[in-house]
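Peer 1: So here's run_25.cif (mmCIF, C-alpha atoms).
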data_run
#
loop_
_atom_site.label_atom_id
_atom_site.label_comp_id
_atom_site.auth_asym_id
_atom_site.auth_seq_id
_atom_site.Cartn_x
_atom_site.Cartn_y
_atom_site.Cartn_z
CA MET A 404 97.35 2.63 -11.49
CA GLU A 405 100.19 4.55 -9.91
CA TYR A 406 102.55 6.25 -12.32
CA SER A 407 105.83 4.46 -12.98
CA GLU A 408 108.46 5.81 -15.37
CA GLU A 409 109.81 2.31 -15.94
CA ARG A 410 106.38 0.91 -16.76
CA ILE A 411 105.57 3.68 -19.22
CA LYS A 412 109.04 3.39 -20.77
CA SER A 413 108.47 -0.32 -21.32
CA MET A 414 105.33 0.51 -23.32
CA ILE A 415 106.91 3.10 -25.61
CA ARG A 416 107.72 1.48 -28.95
CA ASP A 417 110.93 2.21 -30.85
CA VAL A 418 110.30 2.56 -34.58
CA LYS A 419 113.44 2.59 -36.73
CA ASP A 420 113.94 5.07 -39.57
CA TYR A 421 110.79 7.09 -38.96
CA PRO A 422 110.09 9.78 -40.09
CA LYS A 423 113.40 9.38 -41.93
CA GLN A 424 116.46 7.17 -42.21
CA GLY A 425 118.58 7.10 -39.04
CA ILE A 426 115.89 8.32 -36.63
CA LEU A 427 114.70 6.02 -33.84
CA PHE A 428 111.15 7.23 -33.30
CA LYS A 429 109.50 6.97 -29.88
CA ASP A 430 105.96 5.75 -30.56
CA ILE A 431 103.65 6.61 -27.65
CA THR A 432 100.47 5.13 -29.14
CA PRO A 433 100.71 1.93 -26.99
CA VAL A 434 100.73 4.18 -23.89
CA LEU A 435 97.71 6.20 -25.07
CA LYS A 436 95.80 3.03 -25.87
CA ASP A 437 96.27 1.53 -22.39
CA SER A 438 93.65 3.26 -20.25
CA ALA A 439 95.59 2.77 -17.00
CA ALA A 440 98.88 3.98 -18.48
CA PHE A 441 97.27 6.96 -20.25
CA SER A 442 95.46 7.96 -17.09
CA SER A 443 98.59 7.60 -14.94
CA VAL A 444 100.57 9.86 -17.27
CA ILE A 445 97.94 12.60 -17.13
CA GLU A 446 97.71 12.26 -13.34
CA GLU A 447 101.48 12.51 -12.97
CA LEU A 448 101.69 15.63 -15.14
CA ALA A 449 98.84 17.15 -13.11
CA ARG A 450 100.62 16.27 -9.85
CA ARG A 451 103.87 17.87 -10.95
CA LEU A 452 102.00 21.01 -12.05
CA SER A 453 99.94 21.22 -8.87
CA GLY A 454 102.14 24.00 -7.47
CA THR A 455 101.95 26.07 -10.66
CA ASP A 456 99.33 28.78 -10.97
CA PHE A 457 98.34 29.37 -14.60
CA ASP A 458 95.42 30.14 -16.92
CA TYR A 459 95.63 27.94 -20.03
CA VAL A 460 97.11 24.72 -21.37
CA ILE A 461 98.54 25.17 -24.87
CA GLY A 462 98.88 22.01 -26.96
CA ILE A 463 101.19 21.82 -29.97
CA GLU A 464 99.77 20.01 -33.02
CA ALA A 465 99.25 17.10 -33.21
CA ARG A 466 100.44 14.78 -30.43
CA GLY A 467 100.56 17.75 -28.06
CA PHE A 468 96.79 18.01 -28.54
CA ILE A 469 96.34 14.50 -27.13
CA ILE A 470 98.38 15.05 -23.98
CA GLY A 471 97.45 18.72 -23.59
CA SER A 472 93.70 18.36 -23.94
CA ALA A 473 93.34 15.62 -21.34
CA LEU A 474 95.62 17.57 -19.01
CA ALA A 475 93.60 20.78 -19.47
CA TYR A 476 90.39 18.89 -18.69
CA ARG A 477 92.00 17.23 -15.64
CA LEU A 478 93.21 20.58 -14.28
CA GLY A 479 90.02 22.49 -15.12
CA LYS A 480 91.83 24.80 -17.54
CA GLY A 481 90.96 26.06 -21.00
CA PHE A 482 92.83 24.63 -23.97
CA ILE A 483 94.52 26.65 -26.74
CA PRO A 484 95.95 25.00 -29.89
CA ILE A 485 99.18 25.98 -31.61
CA ARG A 486 98.97 24.60 -35.13
CA LYS A 487 101.00 24.22 -38.27
CA LYS A 488 100.74 27.15 -40.67
CA GLY A 489 97.37 27.59 -42.38
CA LYS A 490 95.41 25.27 -40.09
CA LEU A 491 93.73 27.83 -37.83
CA PRO A 492 90.64 29.53 -39.27
CA TYR A 493 90.77 32.99 -37.67
CA LYS A 494 93.43 35.75 -37.53
CA THR A 495 96.77 34.32 -36.48
CA ILE A 496 100.25 35.28 -35.44
CA GLY A 497 102.97 32.97 -36.67
CA ILE A 498 106.62 32.19 -36.24
CA GLU A 499 109.08 30.41 -38.46
CA TYR A 500 111.93 28.38 -37.04
CA ALA A 501 114.89 26.45 -38.39
CA LEU A 502 114.92 22.68 -38.68
CA GLU A 503 117.97 20.54 -39.40
CA TYR A 504 117.12 20.99 -43.07
CA GLY A 505 114.83 23.83 -44.04
CA SER A 506 112.27 25.44 -41.74
CA ALA A 507 108.81 25.05 -40.20
CA ALA A 508 106.10 27.49 -39.17
CA ILE A 509 103.51 27.38 -36.41
CA GLU A 510 100.60 29.69 -35.63
CA MET A 511 98.26 30.67 -32.85
CA HIS A 512 95.07 32.70 -33.02
CA SER A 513 96.09 36.31 -32.43
CA ASP A 514 93.27 36.79 -29.91
CA ALA A 515 93.92 33.52 -28.07
CA ILE A 516 95.93 35.01 -25.24
CA ALA A 517 95.15 38.24 -23.41
CA LYS A 518 98.14 40.26 -22.21
CA GLY A 519 99.45 38.85 -18.94
CA SER A 520 97.79 35.43 -19.28
CA THR A 521 99.85 32.55 -17.94
CA VAL A 522 100.20 29.27 -19.79
CA VAL A 523 101.67 25.79 -19.68
CA ILE A 524 102.77 24.56 -23.11
CA VAL A 525 102.45 20.81 -23.72
CA ASP A 526 104.00 18.57 -26.35
CA ASP A 527 104.70 14.87 -26.46
CA LEU A 528 108.46 14.99 -26.94
CA LEU A 529 111.40 17.33 -26.39
CA ALA A 530 114.07 16.66 -29.02
CA THR A 531 116.19 19.59 -30.19
CA GLY A 532 113.73 22.07 -28.73
CA GLY A 533 113.05 23.99 -31.93
CA THR A 534 109.26 23.68 -31.89
CA ALA A 535 108.93 24.27 -28.15
CA SER A 536 111.09 27.39 -28.12
CA ALA A 537 109.19 28.77 -31.12
CA ALA A 538 105.89 28.09 -29.33
CA ALA A 539 107.13 29.87 -26.21
CA GLU A 540 108.22 32.85 -28.32
CA LEU A 541 104.78 32.95 -29.95
CA VAL A 542 103.13 33.13 -26.52
CA ARG A 543 105.50 35.90 -25.42
CA ARG A 544 104.82 37.94 -28.56
CA SER A 545 101.11 37.67 -27.72
CA GLY A 546 101.81 39.15 -24.29
CA GLY A 547 101.48 35.82 -22.47
CA ILE A 548 103.74 34.34 -19.81
CA VAL A 549 105.03 30.77 -20.18
CA LYS A 550 105.13 29.16 -16.74
CA VAL A 551 106.21 25.64 -17.73
CA ILE A 552 106.79 23.65 -20.91
CA ALA A 553 105.76 20.05 -20.23
CA PHE A 554 106.66 16.92 -22.22
CA LEU A 555 105.87 13.27 -21.90
CA ILE A 556 109.35 12.35 -23.21
CA GLU A 557 112.70 14.15 -23.19
CA LEU A 558 115.60 13.00 -25.38
CA GLU A 559 118.29 14.35 -23.06
CA PHE A 560 121.16 13.50 -25.42
CA LEU A 561 119.84 16.13 -27.87
CA ASN A 562 120.20 18.93 -25.27
CA GLY A 563 116.88 20.56 -26.21
CA ARG A 564 116.78 22.28 -22.82
CA ASP A 565 119.71 24.47 -23.83
CA LYS A 566 117.56 26.01 -26.55
CA ILE A 567 114.72 26.87 -24.16
CA LYS A 568 116.14 29.47 -21.84
CA ASP A 569 114.54 31.05 -18.77
CA THR A 570 111.61 28.64 -18.84
CA GLU A 571 110.87 25.75 -16.52
CA ILE A 572 110.92 22.40 -18.33
CA LEU A 573 109.03 19.38 -17.07
CA SER A 574 109.40 15.93 -18.62
CA LEU A 575 108.31 12.53 -17.34
CA ILE A 576 110.31 10.01 -19.36
CA LYS A 577 113.98 10.60 -20.08
CA TYR A 578 116.28 8.92 -22.60
CA MET B 237 78.95 24.82 -15.24
CA GLU B 238 76.00 22.87 -16.50
CA TYR B 239 76.01 22.11 -20.22
CA SER B 240 73.83 24.34 -22.37
CA GLU B 241 73.62 23.96 -26.15
CA GLU B 242 72.64 27.60 -26.51
CA ARG B 243 75.59 28.81 -24.45
CA ILE B 244 78.11 26.71 -26.38
CA LYS B 245 76.52 27.76 -29.66
CA SER B 246 76.92 31.41 -28.70
CA MET B 247 80.66 30.83 -28.24
CA ILE B 248 81.27 29.11 -31.58
CA ARG B 249 82.73 31.61 -34.03
CA ASP B 250 81.69 31.75 -37.68
CA VAL B 251 84.67 32.33 -39.98
CA LYS B 252 83.78 33.20 -43.57
CA ASP B 253 85.53 31.60 -46.56
CA TYR B 254 87.69 29.16 -44.57
CA PRO B 255 89.22 26.83 -45.61
CA LYS B 256 87.97 28.02 -48.97
CA GLN B 257 85.63 30.54 -50.62
CA GLY B 258 81.97 29.96 -49.79
CA ILE B 259 82.49 27.90 -46.63
CA LEU B 260 81.28 29.26 -43.30
CA PHE B 261 83.67 27.58 -40.88
CA LYS B 262 82.60 26.79 -37.31
CA ASP B 263 85.55 27.76 -35.11
CA ILE B 264 85.40 25.95 -31.77
CA THR B 265 88.60 27.43 -30.31
CA PRO B 266 86.66 29.94 -28.14
CA VAL B 267 84.82 26.97 -26.57
CA LEU B 268 88.04 25.03 -25.92
CA LYS B 269 89.68 28.09 -24.37
CA ASP B 270 86.88 28.65 -21.86
CA SER B 271 87.56 26.16 -19.08
CA ALA B 272 83.93 25.96 -17.96
CA ALA B 273 82.60 25.55 -21.50
CA PHE B 274 85.26 22.99 -22.45
CA SER B 275 84.62 20.99 -19.31
CA SER B 276 80.82 21.10 -19.78
CA VAL B 277 81.14 19.76 -23.32
CA ILE B 278 83.28 16.81 -22.21
CA GLU B 279 80.90 16.12 -19.31
CA GLU B 280 77.90 16.18 -21.61
CA LEU B 281 79.48 13.77 -24.10
CA ALA B 282 80.41 11.50 -21.17
CA ARG B 283 76.86 11.67 -19.84
CA ARG B 284 75.32 10.74 -23.20
CA LEU B 285 77.76 7.83 -23.54
CA SER B 286 77.20 6.58 -20.01
CA GLY B 287 74.93 3.77 -21.22
CA THR B 288 77.40 2.61 -23.86
CA ASP B 289 79.83 -0.19 -23.05
CA PHE B 290 83.03 0.10 -25.10
CA ASP B 291 86.82 -0.31 -24.99
CA TYR B 292 88.49 2.65 -26.73
CA VAL B 293 87.96 6.23 -27.81
CA ILE B 294 89.26 6.87 -31.32
CA GLY B 295 90.06 10.49 -32.18
CA ILE B 296 90.33 11.70 -35.77
CA GLU B 297 93.22 14.08 -36.50
CA ALA B 298 93.46 16.88 -35.52
CA ARG B 299 90.48 18.49 -33.75
CA GLY B 300 89.11 15.04 -32.95
CA PHE B 301 92.25 14.53 -30.86
CA ILE B 302 91.29 17.48 -28.65
CA ILE B 303 87.75 16.32 -27.93
CA GLY B 304 88.57 12.60 -28.00
CA SER B 305 91.54 12.65 -25.68
CA ALA B 306 89.80 14.57 -22.89
CA LEU B 307 86.76 12.31 -23.29
CA ALA B 308 88.89 9.16 -23.12
CA TYR B 309 90.55 10.43 -19.95
CA ARG B 310 87.18 11.39 -18.44
CA LEU B 311 85.72 7.94 -19.16
CA GLY B 312 88.84 5.99 -18.14
CA LYS B 313 89.33 4.60 -21.65
CA GLY B 314 92.41 4.20 -23.82
CA PHE B 315 92.84 6.57 -26.77
CA ILE B 316 93.63 5.53 -30.36
CA PRO B 317 94.50 8.08 -33.07
CA ILE B 318 93.33 7.94 -36.69
CA ARG B 319 95.69 10.16 -38.64
CA LYS B 320 96.24 11.57 -42.09
CA LYS B 321 98.31 9.37 -44.36
CA GLY B 322 101.98 9.05 -43.45
CA LYS B 323 101.69 10.46 -39.93
CA LEU B 324 101.70 7.24 -37.92
CA PRO B 325 105.12 5.67 -37.32
CA TYR B 326 104.32 1.93 -37.21
CA LYS B 327 102.55 -0.46 -39.59
CA THR B 328 99.23 0.97 -40.69
CA ILE B 329 96.05 0.14 -42.52
CA GLY B 330 94.62 2.94 -44.59
CA ILE B 331 91.56 3.96 -46.50
CA GLU B 332 91.01 6.52 -49.22
CA TYR B 333 87.75 8.37 -49.58
CA ALA B 334 86.26 10.89 -51.95
CA LEU B 335 86.03 14.58 -51.19
CA GLU B 336 84.03 17.14 -53.14
CA TYR B 337 87.15 17.61 -55.28
CA GLY B 338 89.77 14.87 -55.20
CA SER B 339 90.30 12.47 -52.32
CA ALA B 340 91.82 12.09 -48.86
CA ALA B 341 93.39 9.19 -46.98
CA ILE B 342 93.47 8.29 -43.30
CA GLU B 343 95.34 5.58 -41.43
CA MET B 344 95.33 3.66 -38.18
CA HIS B 345 98.02 1.43 -36.71
CA SER B 346 97.25 -2.09 -37.93
CA ASP B 347 97.74 -3.50 -34.41
CA ALA B 348 95.69 -0.78 -32.71
CA ILE B 349 92.46 -2.75 -32.45
CA ALA B 350 92.15 -6.40 -31.51
CA LYS B 351 89.34 -8.35 -33.16
CA GLY B 352 86.06 -7.72 -31.38
CA SER B 353 87.16 -4.53 -29.61
CA THR B 354 84.47 -1.91 -29.29
CA VAL B 355 85.08 1.77 -29.94
CA VAL B 356 83.56 5.22 -29.93
CA ILE B 357 84.89 7.43 -32.74
CA VAL B 358 85.14 11.15 -31.97
CA ASP B 359 85.51 14.15 -34.24
CA ASP B 360 84.70 17.81 -33.82
CA LEU B 361 82.23 18.20 -36.69
CA LEU B 362 79.93 16.12 -38.86
CA ALA B 363 79.62 17.72 -42.30
CA THR B 364 79.14 15.44 -45.32
CA GLY B 365 80.25 12.41 -43.29
CA GLY B 366 83.08 11.34 -45.60
CA THR B 367 85.81 11.24 -42.99
CA ALA B 368 83.65 9.66 -40.28
CA SER B 369 82.34 6.89 -42.51
CA ALA B 370 85.89 6.16 -43.72
CA ALA B 371 87.08 6.00 -40.11
CA ALA B 372 84.27 3.60 -39.21
CA GLU B 373 85.17 1.41 -42.18
CA LEU B 374 88.82 1.37 -41.07
CA VAL B 375 87.76 0.15 -37.63
CA ARG B 376 85.58 -2.57 -39.15
CA ARG B 377 88.38 -3.76 -41.45
CA SER B 378 90.55 -4.11 -38.32
CA GLY B 379 87.89 -6.34 -36.76
CA GLY B 380 86.60 -3.69 -34.40
CA ILE B 381 83.01 -2.72 -33.65
CA VAL B 382 81.90 0.92 -33.83
CA LYS B 383 79.40 1.57 -31.05
CA VAL B 384 78.90 5.32 -31.54
CA ILE B 385 80.36 8.13 -33.63
CA ALA B 386 80.31 11.30 -31.53
CA PHE B 387 80.63 14.91 -32.69
CA LEU B 388 80.62 18.24 -30.98
CA ILE B 389 78.83 19.83 -33.97
CA GLU B 390 76.53 18.46 -36.65
CA LEU B 391 75.71 20.42 -39.81
CA GLU B 392 72.31 18.80 -40.33
CA PHE B 393 71.67 20.52 -43.66
CA LEU B 394 74.53 18.50 -45.20
CA ASN B 395 72.85 15.18 -44.35
CA GLY B 396 76.10 13.52 -43.24
CA ARG B 397 74.08 10.98 -41.24
CA ASP B 398 72.82 9.44 -44.47
CA LYS B 399 76.38 8.45 -45.34
CA ILE B 400 76.98 6.71 -42.02
CA LYS B 401 74.66 3.74 -42.01
CA ASP B 402 73.95 1.24 -39.24
CA THR B 403 75.91 3.27 -36.69
CA GLU B 404 74.63 5.37 -33.81
CA ILE B 405 75.45 9.06 -34.23
CA LEU B 406 75.72 11.45 -31.30
CA SER B 407 76.10 15.20 -31.73
CA LEU B 408 75.73 18.00 -29.21
CA ILE B 409 75.32 21.16 -31.29
CA LYS B 410 73.13 21.19 -34.37
CA TYR B 411 72.94 23.69 -37.23
#
Please re-express this file's structure in structure tokens.
Peer 2:
Amino acid sequence: MEYSEERIKSMIRDVKDYPKQGILFKDITPVLKDSAAFSSVIEELARRLSGTDFDYVIGIEARGFIIGSALAYRLGKGFIPIRKKGKLPYKTIGIEYALEYGSAAIEMHSDAIAKGSTVVIVDDLLATGGTASAAAELVRRSGGIVKVIAFLIELEFLNGRDKIKDTEILSLIKY
Amino acid sequence: MEYSEERIKSMIRDVKDYPKQGILFKDITPVLKDSAAFSSVIEELARRLSGTDFDYVIGIEARGFIIGSALAYRLGKGFIPIRKKGKLPYKTIGIEYALEYGSAAIEMHSDAIAKGSTVVIVDDLLATGGTASAAAELVRRSGGIVKVIAFLIELEFLNGRDKIKDTEILSLIKY
């Protein structure tokens, strides 16, 4: 199946008040479940990254694992997870970042990226950009170079791009 | 690269006392990071499933997402996530199961599987089998049929297979 933004958009399910009151959540599970749609999304991300030379795909827990892993396999790249604090077994480097209320922390294995390695970071959705910019900073602190941050969905009205400076952003579905 | 159990085994890292004292954790991140190793693992799982006719790959959060998603893409199947309680946005069915101390709960979207659908469940590691047998039960309660439960690693000395009855188990790396 050829990729179509409209077709994928029509399969994304709006869930009201998840994870909290007032949020309209974009549920991508109907897209993942449809083999043709899932495949077309991975193919389209691969196509748009075909001009980018890089070493690793980094997936952000947990939905970023689903998109990132299939993409890494498709492109013949290795996969590196960025996880929530305490979830990686070996030595880690971490970063804390502000949320609307409170804060969150993500970690990467401290030996995951050799100095000068190039990466594409993958997550399912760009909202305010807090997680993605923290992930990019984590890669930079490890000596890595972020070539592109790729998303399935971008909520443009939240201006997450403004938070992620000097890095190429790729997103397939825009709201 | 052709798949080799010995080669993959040599890349799996033992981490002592994670997630708690006395556990020797099998860290697969060095395998995922190596593009040739990662690819060979997905190819080998695909090869061993080539005789199995089924509809969906189900990945168990979170490392099961990494293996399951790439495998689903490779086989041209849709991907369905089973997640920890509270992590799926839409209506869910859940199941609680006993751990060594206390209990855990996993969920699946209640509309994820139509009656009679066939699935392969994927996780990274078979230990005591608690999570995998709960996942299989969740699929059955939704009217689905579990064809195979596939793991990258099986800790044979924990006898997890005994807990998962009447279901074909596939594992690549055995300890």
Peer 1: Counting all atoms listed in the file, which residues of chain A come no farther than 6 Å from chain B, as a list in words?
Peer 2: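 So the contacting residues turn out to be Leu435, Lys436, Asp437, Ser438, Phe468, Ile469, Ser472, Ala473, Gly479, Lys480, Gly481, Phe482 and Ile483 of chain A.
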Peer 1: Using all atoms listed in the file, collect all residues at a distance of at most 12 Å from (83.2, 8.9, -43.5) as written in the file, then present them as a PDB file with C-alpha atoms, in the coordinates of the input.
Peer 2:
ATOM      1  CA  ILE B 296      90.330  11.700 -35.770  1.00  0.00           C
ATOM      2  CA  ILE B 331      91.560   3.960 -46.500  1.00  0.00           C
ATOM      3  CA  GLU B 332      91.010   6.520 -49.220  1.00  0.00           C
ATOM      4  CA  TYR B 333      87.750   8.370 -49.580  1.00  0.00           C
ATOM      5  CA  ALA B 334      86.260  10.890 -51.950  1.00  0.00           C
ATOM      6  CA  LEU B 335      86.030  14.580 -51.190  1.00  0.00           C
ATOM      7  CA  SER B 339      90.300  12.470 -52.320  1.00  0.00           C
ATOM      8  CA  ALA B 340      91.820  12.090 -48.860  1.00  0.00           C
ATOM      9  CA  ALA B 341      93.390   9.190 -46.980  1.00  0.00           C
ATOM     10  CA  ILE B 342      93.470   8.290 -43.300  1.00  0.00           C
ATOM     11  CA  ILE B 357      84.890   7.430 -32.740  1.00  0.00           C
ATOM     12  CA  VAL B 358      85.140  11.150 -31.970  1.00  0.00           C
ATOM     13  CA  ASP B 359      85.510  14.150 -34.240  1.00  0.00           C
ATOM     14  CA  LEU B 361      82.230  18.200 -36.690  1.00  0.00           C
ATOM     15  CA  LEU B 362      79.930  16.120 -38.860  1.00  0.00           C
ATOM     16  CA  ALA B 363      79.620  17.720 -42.300  1.00  0.00           C
ATOM     17  CA  THR B 364      79.140  15.440 -45.320  1.00  0.00           C
ATOM     18  CA  GLY B 365      80.250  12.410 -43.290  1.00  0.00           C
ATOM     19  CA  GLY B 366      83.080  11.340 -45.600  1.00  0.00           C
ATOM     20  CA  THR B 367      85.810  11.240 -42.990  1.00  0.00           C
ATOM     21  CA  ALA B 368      83.650   9.660 -40.280  1.00  0.00           C
ATOM     22  CA  SER B 369      82.340   6.890 -42.510  1.00  0.00           C
ATOM     23  CA  ALA B 370      85.890   6.160 -43.720  1.00  0.00           C
ATOM     24  CA  ALA B 371      87.080   6.000 -40.110  1.00  0.00           C
ATOM     25  CA  ALA B 372      84.270   3.600 -39.210  1.00  0.00           C
ATOM     26  CA  GLU B 373      85.170   1.410 -42.180  1.00  0.00           C
ATOM     27  CA  LEU B 374      88.820   1.370 -41.070  1.00  0.00           C
ATOM     28  CA  VAL B 375      87.760   0.150 -37.630  1.00  0.00           C
ATOM     29  CA  ILE B 385      80.360   8.130 -33.630  1.00  0.00           C
ATOM     30  CA  GLY B 396      76.100  13.520 -43.240  1.00  0.00           C
ATOM     31  CA  ARG B 397      74.080  10.980 -41.240  1.00  0.00           C
ATOM     32  CA  ASP B 398      72.820   9.440 -44.470  1.00  0.00           C
ATOM     33  CA  LYS B 399      76.380   8.450 -45.340  1.00  0.00           C
ATOM     34  CA  ILE B 400      76.980   6.710 -42.020  1.00  0.00           C
ATOM     35  CA  LYS B 401      74.660   3.740 -42.010  1.00  0.00           C
ATOM     36  CA  THR B 403      75.910   3.270 -36.690  1.00  0.00           C
TER      37      THR B 403
END
Peer 1: With distances taken over only C-alpha atoms, which of A:Tyr406, A:Lys577, A:Phe560, A:Glu503 is nearest to A:Arg451?
Peer 2: A:Tyr406
Peer 1: Using atom CA of B:Lys351 and atom CA of B:Ile329 as the two end points, give the distance in Å to one decimal.
Peer 2: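 Taking atom CA of B:Lys351 and atom CA of B:Ile329, their separation equals 14.3 Å.
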Peer 1: Tell me, in Å to one decimal, how far atom CA of B:Ser407 is from atom CA of B:Leu281.
Peer 2: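 The value is 8.5 Å.
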Peer 1: Would you compute the distance between atom CA of A:Phe554 and atom CA of A:Leu573? Give it in Å to one decimal.
Peer 2: 6.2 Å
Peer 1: When distances are computed from all atoms listed in the file, which of B:Gly258, B:Glu242, B:Val384, B:Tyr411 shows the smallest separation from B:Val277?
Peer 2: B:Glu242
Peer 1: Tell me which residues the PyMOL selection byres ((chain B and resi 289) around 9) grabs here, as a PyMOL selection string.
Peer 2: chain B and resi 285-288+290-291+354-355+383
Peer 1: Tell me which of A:Gly497, A:Met511, A:Ile576, A:Asp569 sits closest to A:Ile411, counting all atoms listed in the file.
Peer 2: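 Nearest candidate to A:Ile411 out of A:Gly497, A:Met511, A:Ile576, A:Asp569: A:Ile576.
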